[in-house]
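Undergrad: What follows is the file target03.txt, containing compact mmCIF, C-alpha atoms:
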```txt
# COMPACT_ATOMS: atom_id res chain seq x y z
CA MET A 13 67.11 14.79 -63.18
CA THR A 14 64.82 17.46 -64.61
CA SER A 15 61.25 17.43 -65.89
CA ALA A 16 62.68 16.82 -69.37
CA ALA A 17 62.92 13.07 -68.59
CA PRO A 18 60.00 10.61 -68.36
CA LYS A 19 59.04 8.77 -65.19
CA GLY A 20 61.42 5.98 -64.23
CA ALA A 21 64.38 7.34 -66.21
CA PHE A 22 67.96 7.63 -64.95
CA GLY A 23 70.84 9.72 -66.22
CA TYR A 24 72.70 12.99 -65.77
CA SER A 25 72.67 16.69 -66.61
CA TRP A 26 75.21 19.25 -67.80
CA GLU A 27 77.08 21.92 -65.91
CA GLY A 28 75.21 25.22 -65.75
CA GLY A 29 77.10 26.87 -68.58
CA ASP A 30 76.38 24.04 -71.02
CA ASN A 31 72.77 23.64 -69.89
CA GLY A 32 72.07 27.33 -70.46
CA VAL A 33 74.23 28.25 -73.44
CA ASP A 34 72.09 29.58 -76.29
CA TYR A 35 74.48 29.14 -79.24
CA TRP A 36 75.36 25.44 -78.78
CA THR A 37 72.56 22.85 -79.15
CA PRO A 38 72.88 19.09 -78.40
CA GLN A 39 71.60 16.64 -81.02
CA GLY A 40 73.03 13.14 -81.33
CA ILE A 41 74.21 10.54 -78.81
CA THR A 42 76.35 7.41 -79.03
CA GLY A 43 78.84 5.43 -76.94
CA ASN A 44 81.76 3.03 -77.05
CA GLY A 45 80.00 0.25 -75.13
CA SER A 46 82.44 0.57 -72.21
CA GLY A 47 80.92 3.39 -70.20
CA VAL A 48 81.90 6.40 -72.30
CA GLN A 49 79.09 8.29 -74.05
CA ALA A 50 79.40 11.00 -76.68
CA GLN A 51 76.99 13.72 -77.80
CA SER A 52 77.06 16.07 -80.80
CA TRP A 53 76.36 19.81 -80.46
CA TYR A 54 75.99 22.29 -83.32
CA LYS A 55 76.83 25.97 -82.99
CA GLY A 56 74.59 28.71 -84.38
CA ALA A 57 71.05 28.51 -85.71
CA SER A 58 69.55 25.51 -87.45
CA GLY A 59 70.24 25.93 -91.15
CA HIS A 60 73.10 28.33 -90.40
CA GLU A 61 75.44 26.06 -88.45
CA GLU A 62 78.93 27.38 -87.69
CA ALA A 63 80.69 24.46 -85.95
CA VAL A 64 80.22 21.04 -84.35
CA ARG A 65 81.64 19.85 -81.03
CA ILE A 66 81.50 16.41 -79.40
CA SER A 67 81.17 15.94 -75.65
CA PHE A 68 82.72 12.78 -74.20
CA VAL A 69 81.22 11.72 -70.88
CA ASP A 70 82.98 9.14 -68.70
CA ARG A 71 80.15 7.45 -66.79
CA SER A 72 82.64 5.70 -64.48
CA LYS A 73 83.52 9.01 -62.82
CA GLY A 74 80.40 9.41 -60.69
CA ALA A 75 76.70 10.18 -61.08
CA ASN A 76 77.07 12.92 -63.67
CA GLY A 77 80.44 11.84 -65.02
CA MET A 78 83.36 13.96 -66.12
CA TYR A 79 83.23 15.31 -69.65
CA ARG A 80 85.43 17.03 -72.20
CA PHE A 81 84.78 18.52 -75.61
CA GLY A 82 86.44 17.93 -78.97
CA LEU A 83 85.89 20.08 -82.07
CA LEU A 84 85.16 18.43 -85.43
CA VAL A 85 87.47 19.73 -88.17
CA ARG A 86 88.42 19.13 -91.79
CA PRO A 87 92.17 19.23 -92.57
CA THR A 88 93.02 21.82 -95.23
CA GLY A 89 96.74 21.09 -95.67
CA GLY A 90 99.78 21.45 -93.47
CA SER A 91 98.62 22.38 -89.99
CA GLY A 92 95.51 24.16 -91.32
CA PHE A 93 91.95 23.10 -90.65
CA ALA A 94 88.36 24.24 -91.19
CA GLN A 95 85.54 23.75 -88.72
CA ILE A 96 82.69 21.44 -89.70
CA THR A 97 79.48 23.38 -90.35
CA ARG A 98 76.74 20.77 -90.11
CA HIS A 99 73.64 20.08 -88.01
CA ALA A 100 75.11 16.75 -86.78
CA GLY A 101 71.63 15.39 -86.03
CA GLY A 102 72.99 11.92 -85.30
CA ILE A 103 76.30 10.22 -84.51
CA ALA A 104 77.53 6.62 -84.27
CA TRP A 105 80.75 5.39 -82.61
CA VAL A 106 82.19 2.34 -84.40
CA GLY A 107 85.66 1.29 -83.23
CA LYS A 108 87.98 4.21 -83.93
CA TYR A 109 85.49 5.90 -86.24
CA LEU A 110 82.84 8.49 -85.46
CA TYR A 111 80.12 8.65 -88.12
CA VAL A 112 78.21 11.95 -88.28
CA ALA A 113 74.92 12.51 -90.12
CA ASP A 114 75.27 15.07 -92.93
CA THR A 115 71.59 15.85 -93.52
CA ASN A 116 71.40 16.43 -97.27
CA ASN A 117 74.62 14.70 -98.30
CA GLY A 118 75.15 11.41 -96.44
CA LEU A 119 77.75 10.67 -93.78
CA LEU A 120 80.97 12.28 -92.56
CA VAL A 121 83.64 10.02 -91.06
CA PHE A 122 86.08 11.08 -88.33
CA ASP A 123 89.01 9.15 -86.84
CA LEU A 124 89.05 9.33 -83.04
CA SER A 125 92.50 7.73 -82.92
CA ARG A 126 93.91 10.80 -84.67
CA THR A 127 92.49 13.32 -82.20
CA LEU A 128 94.91 16.24 -81.85
CA ARG A 129 95.78 18.07 -78.64
CA VAL A 130 96.06 21.80 -79.33
CA PRO A 131 99.09 23.59 -77.79
CA ASN A 132 98.46 26.67 -75.68
CA ASN A 133 99.72 29.05 -78.36
CA ARG A 134 97.12 27.76 -80.88
CA LEU A 135 94.04 27.74 -78.63
CA GLY A 136 92.96 31.13 -79.98
CA SER A 137 92.38 29.58 -83.40
CA THR A 138 90.10 26.87 -82.00
CA GLY A 139 87.90 28.96 -79.71
CA ASN A 140 89.85 27.54 -76.75
CA TYR A 141 88.95 23.95 -77.62
CA ARG A 142 91.85 21.74 -76.59
CA TYR A 143 91.06 18.77 -78.84
CA LEU A 144 90.46 18.51 -82.60
CA ILE A 145 88.87 15.45 -84.22
CA PRO A 146 89.79 15.22 -87.94
CA GLN A 147 87.54 14.14 -90.79
CA ILE A 148 89.09 11.34 -92.83
CA GLY A 149 86.31 10.50 -95.28
CA ARG A 150 82.66 10.67 -96.26
CA TYR A 151 79.87 8.62 -97.81
CA GLN A 152 77.90 10.54 -100.43
CA ARG A 153 74.18 9.76 -100.73
CA GLY A 154 72.54 9.03 -104.08
CA GLY A 155 70.53 11.32 -106.35
CA GLY A 156 66.93 12.53 -106.33
CA GLY A 157 64.68 11.05 -103.67
CA ALA A 158 67.61 9.83 -101.59
CA LEU A 159 67.30 9.41 -97.83
CA LYS A 160 67.73 12.49 -95.66
CA PHE A 161 70.26 11.71 -92.90
CA SER A 162 68.64 13.30 -89.84
CA ALA A 163 69.31 10.57 -87.24
CA LEU A 164 72.07 8.00 -86.88
CA SER A 165 73.05 5.11 -84.60
CA VAL A 166 74.88 1.79 -84.52
CA ASP A 167 73.19 -1.55 -83.85
CA ASN A 168 75.50 -3.90 -81.91
CA SER A 169 72.77 -6.19 -80.58
CA ASN A 170 74.22 -8.96 -82.76
CA PRO A 171 78.03 -8.59 -82.50
CA ALA A 172 78.50 -10.78 -85.58
CA SER A 173 76.33 -8.47 -87.71
CA PRO A 174 76.72 -4.83 -86.64
CA ALA A 175 74.87 -2.21 -88.64
CA LEU A 176 74.64 1.53 -89.11
CA VAL A 177 71.07 2.87 -88.90
CA ALA A 178 69.80 6.19 -90.30
CA GLY A 179 66.41 7.88 -90.30
CA GLU A 180 64.97 11.08 -91.71
CA TYR A 181 63.17 13.99 -90.08
CA GLN A 182 59.96 14.95 -91.84
CA VAL A 183 57.17 17.35 -90.87
CA TYR A 184 53.78 16.49 -92.34
CA GLU A 185 51.42 18.56 -90.21
CA ASN A 186 47.97 17.17 -91.08
CA LYS A 187 49.13 14.82 -93.82
CA ASP A 188 50.05 11.16 -93.42
CA PRO A 189 53.82 10.93 -92.96
CA THR A 190 56.20 8.62 -94.82
CA THR A 191 59.47 8.63 -92.90
CA ARG A 192 62.20 6.28 -94.08
CA ILE A 193 64.68 4.28 -92.00
CA ALA A 194 67.58 2.28 -93.42
CA ARG A 195 70.37 -0.03 -92.21
CA TRP A 196 73.83 -0.67 -93.67
CA ALA A 197 75.93 -3.68 -92.74
CA LEU A 198 79.25 -2.86 -91.04
CA SER A 199 82.47 -4.86 -91.30
CA THR A 200 83.48 -6.42 -87.98
CA LYS A 201 87.13 -6.07 -89.06
CA THR A 202 87.29 -2.49 -90.33
CA GLY A 203 84.24 -0.75 -88.85
CA ARG A 204 83.36 0.54 -92.32
CA LEU A 205 80.28 -0.02 -94.48
CA VAL A 206 80.36 -3.39 -96.25
CA ARG A 207 78.63 -1.98 -99.33
CA ALA A 208 77.00 1.26 -100.46
CA ARG A 209 73.50 -0.21 -100.80
CA ALA A 210 71.42 -0.48 -97.63
CA SER A 211 70.81 -4.01 -96.38
CA GLN A 212 67.32 -3.15 -95.07
CA ALA A 213 64.93 -0.21 -95.36
CA TRP A 214 61.45 0.66 -94.12
CA LYS A 215 58.78 3.29 -94.67
CA THR A 216 57.11 4.39 -91.43
CA GLY A 217 54.51 6.85 -90.18
CA PHE A 218 56.81 8.48 -87.59
CA ASP A 219 56.33 12.24 -87.79
CA GLN A 220 59.23 14.52 -86.73
CA LEU A 221 61.67 11.68 -86.13
CA GLN A 222 64.75 12.83 -84.18
CA GLY A 223 66.51 9.60 -83.25
CA VAL A 224 66.40 5.98 -84.36
CA VAL A 225 67.95 2.68 -83.32
CA THR A 226 67.32 -0.96 -84.13
CA ASN A 227 67.86 -3.54 -81.40
CA GLN A 228 67.09 -7.24 -81.29
CA GLY A 229 64.89 -6.98 -84.37
CA GLN A 230 62.86 -4.00 -83.13
CA ILE A 231 62.84 -0.37 -84.27
CA TYR A 232 62.89 2.51 -81.75
CA ALA A 233 62.29 6.10 -82.85
CA SER A 234 62.14 9.31 -80.81
CA SER A 235 59.90 12.14 -81.98
CA THR A 236 59.13 15.72 -81.02
CA TRP A 237 55.63 15.51 -82.47
CA GLY A 238 52.80 16.91 -80.36
CA ALA A 239 52.86 18.60 -76.96
CA GLY A 240 55.56 16.28 -75.56
CA GLY A 241 58.16 13.87 -76.83
CA LYS A 242 57.23 10.38 -77.94
CA LEU A 243 59.04 7.08 -78.32
CA TYR A 244 57.72 4.71 -80.99
CA HIS A 245 58.85 1.09 -80.92
CA GLY A 246 57.93 -2.27 -82.36
CA LYS A 247 58.79 -4.87 -84.95
CA PRO A 248 58.72 -4.08 -88.68
CA ARG A 249 55.32 -4.57 -90.33
CA LYS A 250 53.60 -4.35 -86.92
CA ARG A 251 51.76 -1.40 -85.38
CA ALA A 252 54.19 0.55 -83.19
CA LYS A 253 53.69 1.13 -79.47
CA THR A 254 54.03 4.64 -78.04
CA ASN A 255 55.64 5.85 -74.81
CA ALA A 256 56.03 9.33 -73.33
CA TRP A 257 59.66 10.27 -73.97
CA GLY A 258 61.66 13.38 -73.09
CA HIS A 259 59.01 16.04 -72.65
CA VAL A 260 61.31 18.90 -73.71
CA GLY A 261 62.86 18.19 -77.10
CA PRO A 262 64.08 14.55 -77.22
CA GLU A 263 66.76 14.05 -79.88
CA GLY A 264 69.06 11.16 -80.84
CA LEU A 265 68.96 7.60 -79.50
CA TYR A 266 71.71 5.25 -78.33
CA ALA A 267 71.33 1.60 -77.29
CA THR A 268 73.42 -0.55 -74.96
CA LYS A 269 72.67 -4.22 -74.32
CA THR A 270 69.96 -3.42 -71.77
CA GLN A 271 69.28 0.33 -71.99
CA LEU A 272 67.98 2.96 -74.40
CA TRP A 273 69.42 6.48 -74.03
CA THR A 274 68.52 9.90 -75.41
CA LEU A 275 69.19 13.59 -74.74
CA THR A 276 67.04 16.72 -74.77
CA GLU A 277 68.02 19.89 -76.57
CA GLN A 278 66.14 22.89 -75.18
CA LYS A 279 68.13 25.49 -73.26
CA ASP A 280 67.88 25.15 -69.44
CA HIS A 281 66.09 21.80 -69.84
CA ARG A 282 68.97 19.69 -71.15
CA THR A 283 69.50 16.25 -69.74
CA VAL A 284 70.79 12.86 -70.87
CA PHE A 285 68.66 9.94 -69.73
CA GLY A 286 68.02 6.29 -70.26
CA LYS A 287 65.48 3.59 -69.54
CA THR A 288 65.84 -0.17 -69.58
CA PHE A 289 64.39 -1.93 -72.60
CA SER A 290 62.43 -4.13 -70.20
CA SER A 291 60.61 -1.04 -68.81
CA LEU A 292 59.22 -0.10 -72.23
CA ASN A 293 55.85 -1.65 -72.98
```
Please rewrite the model in this file as structure tokens.

TA:
Amino acid sequence: MTSAAPKGAFGYSWEGGDNGVDYWTPQGITGNGSGVQAQSWYKGASGHEEAVRISFVDRSKGANGMYRFGLLVRPTGGSGFAQITRHAGGIAWVGKYLYVADTNNGLLVFDLSRTLRVPNNRLGSTGNYRYLIPQIGRYQRGGGGALKFSALSVDNSNPASPALVAGEYQVYENKDPTTRIARWALSTKTGRLVRARASQAWKTGFDQLQGVVTNQGQIYASSTWGAGGKLYHGKPRKRAKTNAWGHVGPEGLYATKTQLWTLTEQKDHRTVFGKTFSSLN
């Protein structure tokens, strides 16, 4: 572990090349509920993104786990494809689908079951990425005043009522923030949204929100506000509690039955860590 994680956390770090690379930046985190975690990385500068890759980490393969990357692409016809140029601030793994936050537009949907293995003679066209994950759909957000999709997660705390959760990043400086969080019901059969309208939504005072999950009726939000990272958590309509959280750029959030996970983004200080829900007070 590095100093990027708070006291009492557990987790893993990246190989040196991925920890120190300056043109790929980690953002979102999710998992399949069976020991495999995934993280989104955007290439380039914020606002001028050039590509998105997903790291898949098998936690059953030791302390740090083995990981591989897949590149997000949009089919363009035949065997052609275009790389996805988004910030990918949040991701959510639902069955065979990977939902990716598309900040000013809504959600992009990718089908993990259709992942393509690139032959050796085509690796030059993918930047030497062996696997391509194709986009198969999208959800377009509404008109003026619509939610900004900065963070994304899936709530499986009630298996009979899974939900997709999104939150927006806002910077208010010395003004009172109004950051919105919303949930959409997911079909247990298809893994898709049940309807376009959110089933629940809240206005909060969380400044610089980077990640959000709901779990067992509580809201958890990571923030980069202030000198160090913060984790806000509590029940709706109640004053949130605050914990120190990822002192060097905490980003997305991912929940298992008993643990809350995040990742930090800053070069040379990148780690993926978790804490048990019972340790948060």

Undergrad: For Ile66 of chain A, which residue among A:Val33, A:Ala100, A:Val121, A:Ala94 is the nearest when counting all atoms listed in the file?

TA: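 Of all the options, A:Ala100 lies closest to Ile66 of chain A.
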
Undergrad: Would you please work out which residue, of A:Gly102, A:Gly89, A:Pro171, A:Pro131, is nearest to Leu221 of chain A when using all atoms listed in the file?

TA: A:Gly102

Undergrad: Which residues are near Ser67 of chain A? Cut-off 10 Å, all atoms listed in the file, ignore same chain within fewer than 4 positions. Put them as a ChimeraX atom specification.

TA: /A:38,41,49-53,78-83

Undergrad: Just to confirm, what's the straight-line distance from atom CA of Glu180 of chain A to atom CA of Trp36 of chain A in Å (one decimal)?

TA: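 It comes out at 21.9 Å.
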
Undergrad: In Å to one decimal, how far is atom CA of Glu263 of chain A from atom CA of Gly223 of chain A?

TA: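 Straight-line distance from atom CA of Gly223 of chain A to atom CA of Glu263 of chain A works out to 5.6 Å.
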
Undergrad: Which residue, A:Tyr151, A:Phe161, A:Trp214, A:Tyr143, has the smallest gap to Ala113 of chain A when you use all atoms listed in the file?

TA: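 Among A:Tyr151, A:Phe161, A:Trp214, A:Tyr143, it is A:Phe161 that comes nearest to Ala113 of chain A.
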
Undergrad: For Thr190 of chain A, which residue among A:Thr216, A:Asn168, A:Thr88, A:Thr226 is the nearest when counting all atoms listed in the file?

TA: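 So, comparing all the options, the nearest one is A:Thr216.
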
Undergrad: Pick from A:Ser58, A:Ser137, A:Ser291, A:Ser46: nearest to His99 of chain A, with only C-alpha atoms counted?

TA: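 The answer is A:Ser58, which sits nearest to His99 of chain A.
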
Undergrad: Measure the distance from atom CA of Gln230 of chain A to atom CA of Arg98 of chain A in Å and round it to one decimal.

TA: 29.2 Å

Undergrad: With a distance cut-off of 7 Å and all atoms listed in the file, select the neighbouring residues of segment 274-288 of chain A, excluding the residue or stretch itself and same-chain residues fewer than 2 positions from it, and output the selection as a ChimeraX atom specification.

TA: /A:14,16-17,21-26,31-34,37-39,41,258,260-266,270-272,290-291

Undergrad: Choose the residue, out of A:Gln220, A:Asn255, A:Asn133, A:Thr202, that has the smallest atom-to-atom separation from Pro18 of chain A; count all atoms listed in the file.

TA: A:Asn255

Undergrad: Can you pull out the residues contacting Gly229 of chain A? Cut-off 10 Å, using only C-alpha atoms, and skip same-chain residues under 3 positions away; I want them as a compact mmCIF listing (two decimals) with C-alpha atoms, in the coordinates of the input.

TA:
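Result went into around-v4.txt, see below:
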```
# COMPACT_ATOMS: atom_id res chain seq x y z
CA ASP A 167 73.19 -1.55 -83.85
CA SER A 169 72.77 -6.19 -80.58
CA ASN A 170 74.22 -8.96 -82.76
CA THR A 226 67.32 -0.96 -84.13
CA GLY A 246 57.93 -2.27 -82.36
CA LYS A 247 58.79 -4.87 -84.95
CA PRO A 248 58.72 -4.08 -88.68
```

Undergrad: Identify, on the basis of all atoms listed in the file, every residue whose closest approach to Tyr109 of chain A does not exceed 8 Å; exclude the query and any residue fewer than 5 positions from it along the same chain; express the result as JSON, numbers by chain.

TA: {"A": [121, 122, 123, 124, 125, 203]}

Undergrad: What are the centre and the three edge lengths of an axis-aligned box that wraps all atoms of segment 245-251 of chain A in the file, given that 6 Å is added to every side, written as JSON and rounded to one decimal in Å?

TA:
```
{"center_x": 55.3, "center_y": -1.9, "center_z": -85.6, "size_x": 19.1, "size_y": 18.0, "size_z": 21.4}
```

Undergrad: So that I can see what lies close to Ala233 of chain A, please list as a PyMOL selection string the residues with an atom at most 8 Å from it, counting all atoms listed in the file and leaving out residues fewer than 3 positions away in the same chain.

TA: chain A and resi 218+221-225+243-245+265
